Amino acid sequence: MSEFGALLQLTAQDGKRDELLRVLGNYVHTLDGEPGTSLFAAAADPNDADLVWVWEEFADSAAVREHFEHDFFRALQLELADLLAEPVAVRPLAPFARRVNPEVPAE
């Protein structure tokens, strides 16, 4: 189980959440270049048309550093700058349990 994680709250500018979701959907395909990123999940908030939540987990502290230094992450930050209404709210986490049901398709 990963010892390092984060819950991120992203608030899109009015009318830009769909574009934010597209950008994050593209970003998820770059994570093969970050082997220490063990989980990345994003979800649109069903109760707020501007909110997106991201859950990330990392193998260790080195993986967190590599994540922030990766070229794709830096490119993501440039794209997000035009879409977000406010800075990303980050809540560091220490994950301790996770279950993925193999009977339910993940995508």
# chains A, B, ... in the order shown; residues from 1 in each chain; ligands from 1

call {"tool": "residues_around", "arguments": {"residues": "Lys16 (chain A)", "least_positions_apart": "4", "cutoff": "9 Å", "atoms": "only C-alpha atoms", "output": "list in words"}}
result
Ala12, Leu20, Leu21, Asp50, Leu83 and Leu84 of chain A

call {"tool": "closest_atom_pairs", "arguments": {"of": "region 58-80 of chain A", "to": "region 92-99 of chain A", "cutoff": "12 Å", "atoms": "only C-alpha atoms", "output": "JSON lines"}}
result
{"residue": "A:Phe58", "atom": "CA", "partner": "A:Pro95", "partner_atom": "CA", "distance": 9.6}
{"residue": "A:Ala59", "atom": "CA", "partner": "A:Pro95", "partner_atom": "CA", "distance": 10.8}
{"residue": "A:Asp60", "atom": "CA", "partner": "A:Ala94", "partner_atom": "CA", "distance": 10.8}
{"residue": "A:Ser61", "atom": "CA", "partner": "A:Ala94", "partner_atom": "CA", "distance": 11.6}
{"residue": "A:Val64", "atom": "CA", "partner": "A:Pro92", "partner_atom": "CA", "distance": 11.3}

call {"tool": "write_last_selection", "arguments": {"atoms": "C-alpha atoms", "output": "PDB file, in the first residue's frame"}}
result
ATOM      1  CA  PHE A  58       2.639   7.316  -4.706  1.00  0.00           C
ATOM      2  CA  ALA A  59       5.036   4.483  -3.906  1.00  0.00           C
ATOM      3  CA  ASP A  60       7.282   6.627  -1.708  1.00  0.00           C
ATOM      4  CA  SER A  61       8.572  10.159  -1.145  1.00  0.00           C
ATOM      5  CA  VAL A  64       6.244  12.269  -5.130  1.00  0.00           C
TER       6      VAL A  64
END

call {"tool": "closest_residue", "arguments": {"among": "A:Leu76, A:Thr11, A:Ala63, A:Ala6", "to": "Gly25 (chain A)", "atoms": "only C-alpha atoms"}}
result
A:Leu76

call {"tool": "atom_distance", "arguments": {"atom1": "CA of Glu3 (chain A)", "atom2": "CA of Val54 (chain A)"}}
result
16.9 Å

call {"tool": "atom_distance", "arguments": {"atom1": "CA of Ala81 (chain A)", "atom2": "CA of Tyr27 (chain A)"}}
result
14.7 Å

call {"tool": "atom_distance", "arguments": {"atom1": "CA of Phe40 (chain A)", "atom2": "CA of Gly15 (chain A)"}}
result
24.2 Å

call {"tool": "closest_residue", "arguments": {"among": "A:Asp32, A:Leu24, A:Pro102, A:Asp14", "to": "Trp53 (chain A)", "atoms": "only C-alpha atoms"}}
result
A:Leu24

call {"tool": "closest_residue", "arguments": {"among": "A:Arg74, A:His29, A:Arg91, A:Arg22", "to": "Glu56 (chain A)", "atoms": "only C-alpha atoms"}}
result
A:Arg91

call {"tool": "select_by_dssp", "arguments": {"residues": "chain A", "states": "strand (DSSP E)", "output": "PDB file with N, CA and C atoms, in the first residue's frame"}}
result
ATOM      1  N   PHE A   4       2.077   7.504   0.597  1.00  0.00           N
ATOM      2  CA  PHE A   4       1.932   8.916   0.263  1.00  0.00           C
ATOM      3  C   PHE A   4       0.772   9.080  -0.702  1.00  0.00           C
ATOM      4  N   GLY A   5      -0.117   9.995  -0.376  1.00  0.00           N
ATOM      5  CA  GLY A   5      -1.248  10.253  -1.245  1.00  0.00           C
ATOM      6  C   GLY A   5      -1.729  11.680  -1.082  1.00  0.00           C
ATOM      7  N   ALA A   6      -2.694  12.034  -1.906  1.00  0.00           N
ATOM      8  CA  ALA A   6      -3.275  13.370  -1.821  1.00  0.00           C
ATOM      9  C   ALA A   6      -4.666  13.360  -2.425  1.00  0.00           C
ATOM     10  N   LEU A   7      -5.526  14.153  -1.834  1.00  0.00           N
ATOM     11  CA  LEU A   7      -6.843  14.435  -2.386  1.00  0.00           C
ATOM     12  C   LEU A   7      -6.799  15.880  -2.854  1.00  0.00           C
ATOM     13  N   LEU A   8      -7.113  16.106  -4.120  1.00  0.00           N
ATOM     14  CA  LEU A   8      -7.047  17.435  -4.707  1.00  0.00           C
ATOM     15  C   LEU A   8      -8.441  17.905  -5.082  1.00  0.00           C
ATOM     16  N   GLN A   9      -8.737  19.146  -4.763  1.00  0.00           N
ATOM     17  CA  GLN A   9      -9.989  19.782  -5.173  1.00  0.00           C
ATOM     18  C   GLN A   9      -9.646  20.830  -6.215  1.00  0.00           C
ATOM     19  N   LEU A  10     -10.156  20.638  -7.427  1.00  0.00           N
ATOM     20  CA  LEU A  10      -9.913  21.567  -8.517  1.00  0.00           C
ATOM     21  C   LEU A  10     -11.216  22.276  -8.837  1.00  0.00           C
ATOM     22  N   THR A  11     -11.191  23.597  -8.833  1.00  0.00           N
ATOM     23  CA  THR A  11     -12.372  24.399  -9.135  1.00  0.00           C
ATOM     24  C   THR A  11     -12.184  25.050 -10.495  1.00  0.00           C
ATOM     25  N   THR A  37       3.899   6.588  -9.466  1.00  0.00           N
ATOM     26  CA  THR A  37       2.513   7.005  -9.242  1.00  0.00           C
ATOM     27  C   THR A  37       1.662   5.749  -9.341  1.00  0.00           C
ATOM     28  N   SER A  38       1.205   5.264  -8.192  1.00  0.00           N
ATOM     29  CA  SER A  38       0.498   3.979  -8.166  1.00  0.00           C
ATOM     30  C   SER A  38      -0.998   4.111  -8.403  1.00  0.00           C
ATOM     31  N   LEU A  39      -1.563   5.308  -8.199  1.00  0.00           N
ATOM     32  CA  LEU A  39      -3.003   5.496  -8.425  1.00  0.00           C
ATOM     33  C   LEU A  39      -3.274   6.940  -8.797  1.00  0.00           C
ATOM     34  N   PHE A  40      -4.080   7.123  -9.810  1.00  0.00           N
ATOM     35  CA  PHE A  40      -4.583   8.441 -10.191  1.00  0.00           C
ATOM     36  C   PHE A  40      -6.035   8.236 -10.560  1.00  0.00           C
ATOM     37  N   ALA A  41      -6.924   8.904  -9.857  1.00  0.00           N
ATOM     38  CA  ALA A  41      -8.356   8.815 -10.155  1.00  0.00           C
ATOM     39  C   ALA A  41      -8.931  10.220 -10.137  1.00  0.00           C
ATOM     40  N   ALA A  42      -9.775  10.525 -11.094  1.00  0.00           N
ATOM     41  CA  ALA A  42     -10.412  11.838 -11.159  1.00  0.00           C
ATOM     42  C   ALA A  42     -11.914  11.660 -11.308  1.00  0.00           C
ATOM     43  N   ALA A  43     -12.669  12.580 -10.699  1.00  0.00           N
ATOM     44  CA  ALA A  43     -14.124  12.495 -10.753  1.00  0.00           C
ATOM     45  C   ALA A  43     -14.726  13.896 -10.761  1.00  0.00           C
ATOM     46  N   ALA A  44     -15.767  14.057 -11.566  1.00  0.00           N
ATOM     47  CA  ALA A  44     -16.545  15.285 -11.548  1.00  0.00           C
ATOM     48  C   ALA A  44     -17.484  15.240 -10.344  1.00  0.00           C
ATOM     49  N   LEU A  51     -16.622  21.725  -9.792  1.00  0.00           N
ATOM     50  CA  LEU A  51     -15.632  20.966  -9.027  1.00  0.00           C
ATOM     51  C   LEU A  51     -15.224  19.655  -9.675  1.00  0.00           C
ATOM     52  N   VAL A  52     -13.927  19.351  -9.538  1.00  0.00           N
ATOM     53  CA  VAL A  52     -13.354  18.065  -9.929  1.00  0.00           C
ATOM     54  C   VAL A  52     -12.473  17.623  -8.763  1.00  0.00           C
ATOM     55  N   TRP A  53     -12.541  16.341  -8.441  1.00  0.00           N
ATOM     56  CA  TRP A  53     -11.736  15.756  -7.369  1.00  0.00           C
ATOM     57  C   TRP A  53     -10.723  14.801  -7.974  1.00  0.00           C
ATOM     58  N   VAL A  54      -9.507  14.822  -7.452  1.00  0.00           N
ATOM     59  CA  VAL A  54      -8.451  13.905  -7.899  1.00  0.00           C
ATOM     60  C   VAL A  54      -7.873  13.226  -6.663  1.00  0.00           C
ATOM     61  N   TRP A  55      -7.686  11.913  -6.775  1.00  0.00           N
ATOM     62  CA  TRP A  55      -7.047  11.112  -5.721  1.00  0.00           C
ATOM     63  C   TRP A  55      -5.775  10.559  -6.328  1.00  0.00           C
ATOM     64  N   GLU A  56      -4.639  10.787  -5.653  1.00  0.00           N
ATOM     65  CA  GLU A  56      -3.366  10.270  -6.128  1.00  0.00           C
ATOM     66  C   GLU A  56      -2.677   9.502  -5.013  1.00  0.00           C
ATOM     67  N   GLU A  57      -1.962   8.442  -5.397  1.00  0.00           N
ATOM     68  CA  GLU A  57      -1.128   7.699  -4.458  1.00  0.00           C
ATOM     69  C   GLU A  57       0.229   7.459  -5.102  1.00  0.00           C
ATOM     70  N   PHE A  58       1.269   7.454  -4.244  1.00  0.00           N
ATOM     71  CA  PHE A  58       2.639   7.316  -4.706  1.00  0.00           C
ATOM     72  C   PHE A  58       3.354   6.244  -3.901  1.00  0.00           C
ATOM     73  N   ALA A  89      -6.681  22.959  -4.197  1.00  0.00           N
ATOM     74  CA  ALA A  89      -6.626  22.664  -2.760  1.00  0.00           C
ATOM     75  C   ALA A  89      -6.108  21.234  -2.616  1.00  0.00           C
ATOM     76  N   VAL A  90      -5.004  21.075  -1.880  1.00  0.00           N
ATOM     77  CA  VAL A  90      -4.356  19.772  -1.745  1.00  0.00           C
ATOM     78  C   VAL A  90      -4.432  19.326  -0.286  1.00  0.00           C
ATOM     79  N   ARG A  91      -4.924  18.122  -0.098  1.00  0.00           N
ATOM     80  CA  ARG A  91      -4.983  17.524   1.247  1.00  0.00           C
ATOM     81  C   ARG A  91      -4.085  16.296   1.246  1.00  0.00           C
ATOM     82  N   PRO A  92      -2.900  16.370   1.878  1.00  0.00           N
ATOM     83  CA  PRO A  92      -2.026  15.197   1.940  1.00  0.00           C
ATOM     84  C   PRO A  92      -2.714  14.065   2.711  1.00  0.00           C
ATOM     85  N   LEU A  93      -2.464  12.847   2.277  1.00  0.00           N
ATOM     86  CA  LEU A  93      -3.075  11.675   2.890  1.00  0.00           C
ATOM     87  C   LEU A  93      -2.039  10.590   3.114  1.00  0.00           C
TER      88      LEU A  93
END

call {"tool": "select_by_dssp", "arguments": {"residues": "region 13-80 of chain A", "states": "helix (DSSP H, G or I)", "output": "count of residues only"}}
result
36
